[in-house]
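Q: Provided below: run_18.pdb, containing PDB, C-alpha atoms.
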ATOM      1  CA  MET A 376      62.926 215.720  97.821
ATOM      2  CA  PRO A 377      65.333 212.766  98.237
ATOM      3  CA  ARG A 378      64.466 210.107 100.763
ATOM      4  CA  HIS A 379      67.164 208.988 103.157
ATOM      5  CA  ASP A 380      67.796 205.420 104.051
ATOM      6  CA  PRO A 381      65.837 204.426 107.144
ATOM      7  CA  LEU A 382      67.765 204.034 110.333
ATOM      8  CA  PRO A 383      68.167 200.443 111.495
ATOM      9  CA  PRO A 384      66.204 199.612 114.617
ATOM     10  CA  ARG A 385      68.151 200.086 117.814
ATOM     11  CA  PRO A 386      68.579 196.968 119.902
ATOM     12  CA  ASP A 387      66.491 196.822 123.035
ATOM     13  CA  PRO A 388      68.978 197.441 125.884
ATOM     14  CA  THR A 389      66.803 195.558 128.371
ATOM     15  CA  ARG A 390      66.945 192.356 126.304
ATOM     16  CA  PRO A 391      70.341 190.624 126.206
ATOM     17  CA  ASP A 392      71.739 189.219 122.990
ATOM     18  CA  TYR A 393      71.431 185.493 123.632
ATOM     19  CA  VAL A 394      73.135 184.419 120.410
ATOM     20  CA  ARG A 395      76.194 186.525 121.200
ATOM     21  CA  ALA A 396      76.324 185.229 124.768
ATOM     22  CA  ALA A 397      75.937 181.596 123.657
ATOM     23  CA  SER A 398      78.770 182.014 121.174
ATOM     24  CA  ALA A 399      80.987 183.555 123.858
ATOM     25  CA  TRP A 400      80.251 180.684 126.262
ATOM     26  CA  ALA A 401      81.018 178.107 123.554
ATOM     27  CA  ARG A 402      84.386 179.755 122.890
ATOM     28  CA  TYR A 403      85.113 179.875 126.638
ATOM     29  CA  LYS A 404      84.342 176.172 127.099
ATOM     30  CA  GLN A 405      86.501 175.255 124.109
ATOM     31  CA  MET A 406      89.342 177.383 125.448
ATOM     32  CA  MET A 407      89.109 175.759 128.884
ATOM     33  CA  LYS A 408      89.358 172.297 127.326
ATOM     34  CA  TRP A 409      92.619 173.339 125.686
ATOM     35  CA  MET A 410      93.831 174.921 128.918
ATOM     36  CA  ALA A 411      93.130 171.695 130.833
ATOM     37  CA  LEU A 412      95.399 169.970 128.331
ATOM     38  CA  ALA A 413      98.005 172.730 128.806
ATOM     39  CA  ALA A 414      97.782 172.291 132.601
ATOM     40  CA  PHE A 415      98.296 168.547 132.212
ATOM     41  CA  VAL A 416     101.364 169.114 130.026
ATOM     42  CA  ALA A 417     102.737 171.691 132.503
ATOM     43  CA  VAL A 418     102.316 169.202 135.360
ATOM     44  CA  LEU A 419     104.064 166.469 133.385
ATOM     45  CA  LEU A 420     106.953 168.771 132.472
ATOM     46  CA  SER A 421     107.357 169.906 136.061
ATOM     47  CA  LEU A 422     107.394 166.306 137.329
ATOM     48  CA  ILE A 423     109.961 165.376 134.678
ATOM     49  CA  TYR A 424     112.057 168.349 135.765
ATOM     50  CA  LEU A 425     111.921 167.243 139.413
ATOM     51  CA  LYS A 426     112.802 163.668 138.464
ATOM     52  CA  SER A 427     115.781 164.848 136.372
ATOM     53  CA  PHE A 428     117.765 165.639 139.528
ATOM     54  CA  GLY A 429     118.207 161.900 140.125
ATOM     55  CA  ASP A 430     116.866 161.825 143.656
ATOM     56  CA  PRO A 431     113.617 159.963 144.295
ATOM     57  CA  VAL A 432     110.680 162.344 144.422
ATOM     58  CA  PRO A 433     108.552 161.857 147.559
ATOM     59  CA  ILE A 434     104.842 161.293 146.999
ATOM     60  CA  HIS A 435     104.001 164.435 148.991
ATOM     61  CA  MET A 436     106.103 166.531 146.627
ATOM     62  CA  MET A 437     104.408 164.948 143.619
ATOM     63  CA  ILE A 438     100.952 165.703 145.008
ATOM     64  CA  ALA A 439     101.957 169.281 145.861
ATOM     65  CA  THR A 440     103.445 169.780 142.384
ATOM     66  CA  ILE A 441     100.359 168.389 140.653
ATOM     67  CA  ALA A 442      98.024 170.537 142.747
ATOM     68  CA  GLY A 443     100.161 173.664 142.651
ATOM     69  CA  VAL A 444     101.111 173.735 138.991
ATOM     70  CA  GLY A 445      97.841 172.315 137.668
ATOM     71  CA  LEU A 446      95.543 174.550 139.667
ATOM     72  CA  THR A 447      97.676 177.634 139.033
ATOM     73  CA  VAL A 448      97.446 177.151 135.275
ATOM     74  CA  LEU A 449      93.707 176.406 135.396
ATOM     75  CA  VAL A 450      92.790 179.285 137.717
ATOM     76  CA  GLY A 451      94.939 181.786 135.837
ATOM     77  CA  THR A 452      93.585 180.877 132.419
ATOM     78  CA  GLY A 453      90.040 180.516 133.746
ATOM     79  CA  LEU A 454      90.002 184.019 135.228
ATOM     80  CA  MET A 455      91.551 185.549 132.122
ATOM     81  CA  GLY A 456      89.018 183.677 130.009
ATOM     82  CA  LEU A 457      86.199 185.117 132.106
ATOM     83  CA  VAL A 458      87.459 188.615 131.313
ATOM     84  CA  PHE A 459      87.184 187.871 127.614
ATOM     85  CA  LEU A 460      83.837 186.124 128.123
ATOM     86  CA  SER A 461      82.431 189.198 129.836
ATOM     87  CA  SER A 462      83.650 191.418 127.028
ATOM     88  CA  ASN A 463      82.448 189.155 124.201
ATOM     89  CA  SER A 464      79.015 188.415 125.655
ATOM     90  CA  GLY A 465      78.029 192.086 125.954
ATOM     91  CA  HIS A 466      77.998 192.370 129.737
ATOM     92  CA  ASP A 467      80.632 195.111 129.710
ATOM     93  CA  GLU A 468      78.483 197.314 127.481
ATOM     94  CA  GLN A 469      75.468 196.828 129.745
ATOM     95  CA  GLY A 470      77.518 197.797 132.793
ATOM     96  CA  ALA A 471      78.949 200.852 131.052
ATOM     97  CA  ARG A 472      75.443 202.095 130.261
ATOM     98  CA  GLY A 473      74.310 201.570 133.858
ATOM     99  CA  GLU A 474      71.699 198.938 133.044
ATOM    100  CA  HIS A 475      72.263 196.605 135.929
ATOM    101  CA  GLY A 476      68.849 197.222 137.448
ATOM    102  CA  ASP A 477      69.677 198.709 140.852
ATOM    103  CA  GLU A 478      69.451 202.359 139.852
TER
END
Could you show the structure in this file as structure tokens?

A:
Amino acid sequence: MPRHDPLPPRPDPTRPDYVRAASAWARYKQMMKWMALAAFVAVLLSLIYLKSFGDPVPIHMMIATIAGVGLTVLVGTGLMGLVFLSSNSGHDEQGARGEHGDE
């Protein structure tokens, strides 16, 4: 009688995949470094745009522009990055199987 290939061992659902999670966190940190640079460029472009009107830009408007544009870019990309981090690190699969421990 022919022998079938053995089934690979199933991963233990109670033990998270630390290598996968570490890789996901490394990608997230790298992405956030690039997004900090993108936020800086967006702030510079917005200040240049305000200055192009010819009128002097008050310091309060500069501070508000830096805070508003910079934080909007960082928060938006940070939250979207967390969605991908959750998906890539395996937390979504654990939640879908109901393995969050309170059942």

Q: Near A:Met410, within 8 Å and counting all atoms listed in the file, which residues show up once chain neighbours fewer than 3 positions away are dropped, as a ChimeraX atom specification?

A: /A:406-407,413-414,448-449,452

Q: Output as lines of an AutoDock Vina configuration file the centre and edge lengths (Å, one decimal) of the box along x, y and z of the file that holds every listed atom of stretch 442-446 of chain A after adding 5 Å on each side.

A:
center_x = 98.3
center_y = 172.5
center_z = 140.2
size_x = 15.6
size_y = 14.0
size_z = 15.1

Q: Find the residue from A:Ile441, A:Leu382, A:Val394, A:Ala401 that sits nearest to A:Leu460; use all atoms listed in the file when measuring.

A: A:Ala401

Q: Pick out the closest residue to A:Gly465 from this set: A:Trp409, A:Pro377, A:Ala417, A:Tyr393. Count all atoms listed in the file.

A: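 Looking at the shortest contact to A:Gly465, the residue is A:Tyr393.
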
Q: Given only C-alpha atoms as the basis, pick out the residue of A:Val432, A:Thr440, A:Met455, A:Pro381 nearest to A:Leu419.

A: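 The answer is A:Thr440, which sits nearest to A:Leu419.
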
Q: Could you jot down the atom CA of A:Phe459 to atom CA of A:Leu412 separation for me, Å, one decimal place?

A: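 Distance reported for this atom pair: 19.7 Å.
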
Q: Using all atoms listed in the file, list the residues that have an atom at most 10 Å from (103.6, 163.7, 141.1), coordinates as in the file, as a list of chain:residue names.

A: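 Output: A:Val418, A:Leu419, A:Ser421, A:Leu422, A:Ile423, A:Leu425, A:Lys426, A:Val432, A:Pro433, A:Ile434, A:His435, A:Met436, A:Met437, A:Ile438, A:Ala439, A:Thr440, A:Ile441, A:Ala442.
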
Q: One number please: atom CA of A:Gly445 to atom CA of A:Val458, in Å, one decimal.

A: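 These atoms are spaced 20.3 Å apart.
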
Q: One number please: atom CA of A:Tyr424 to atom CA of A:Gly453, in Å, one decimal.

A: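 Atom CA of A:Gly453 lies at a distance of 25.2 Å from atom CA of A:Tyr424.
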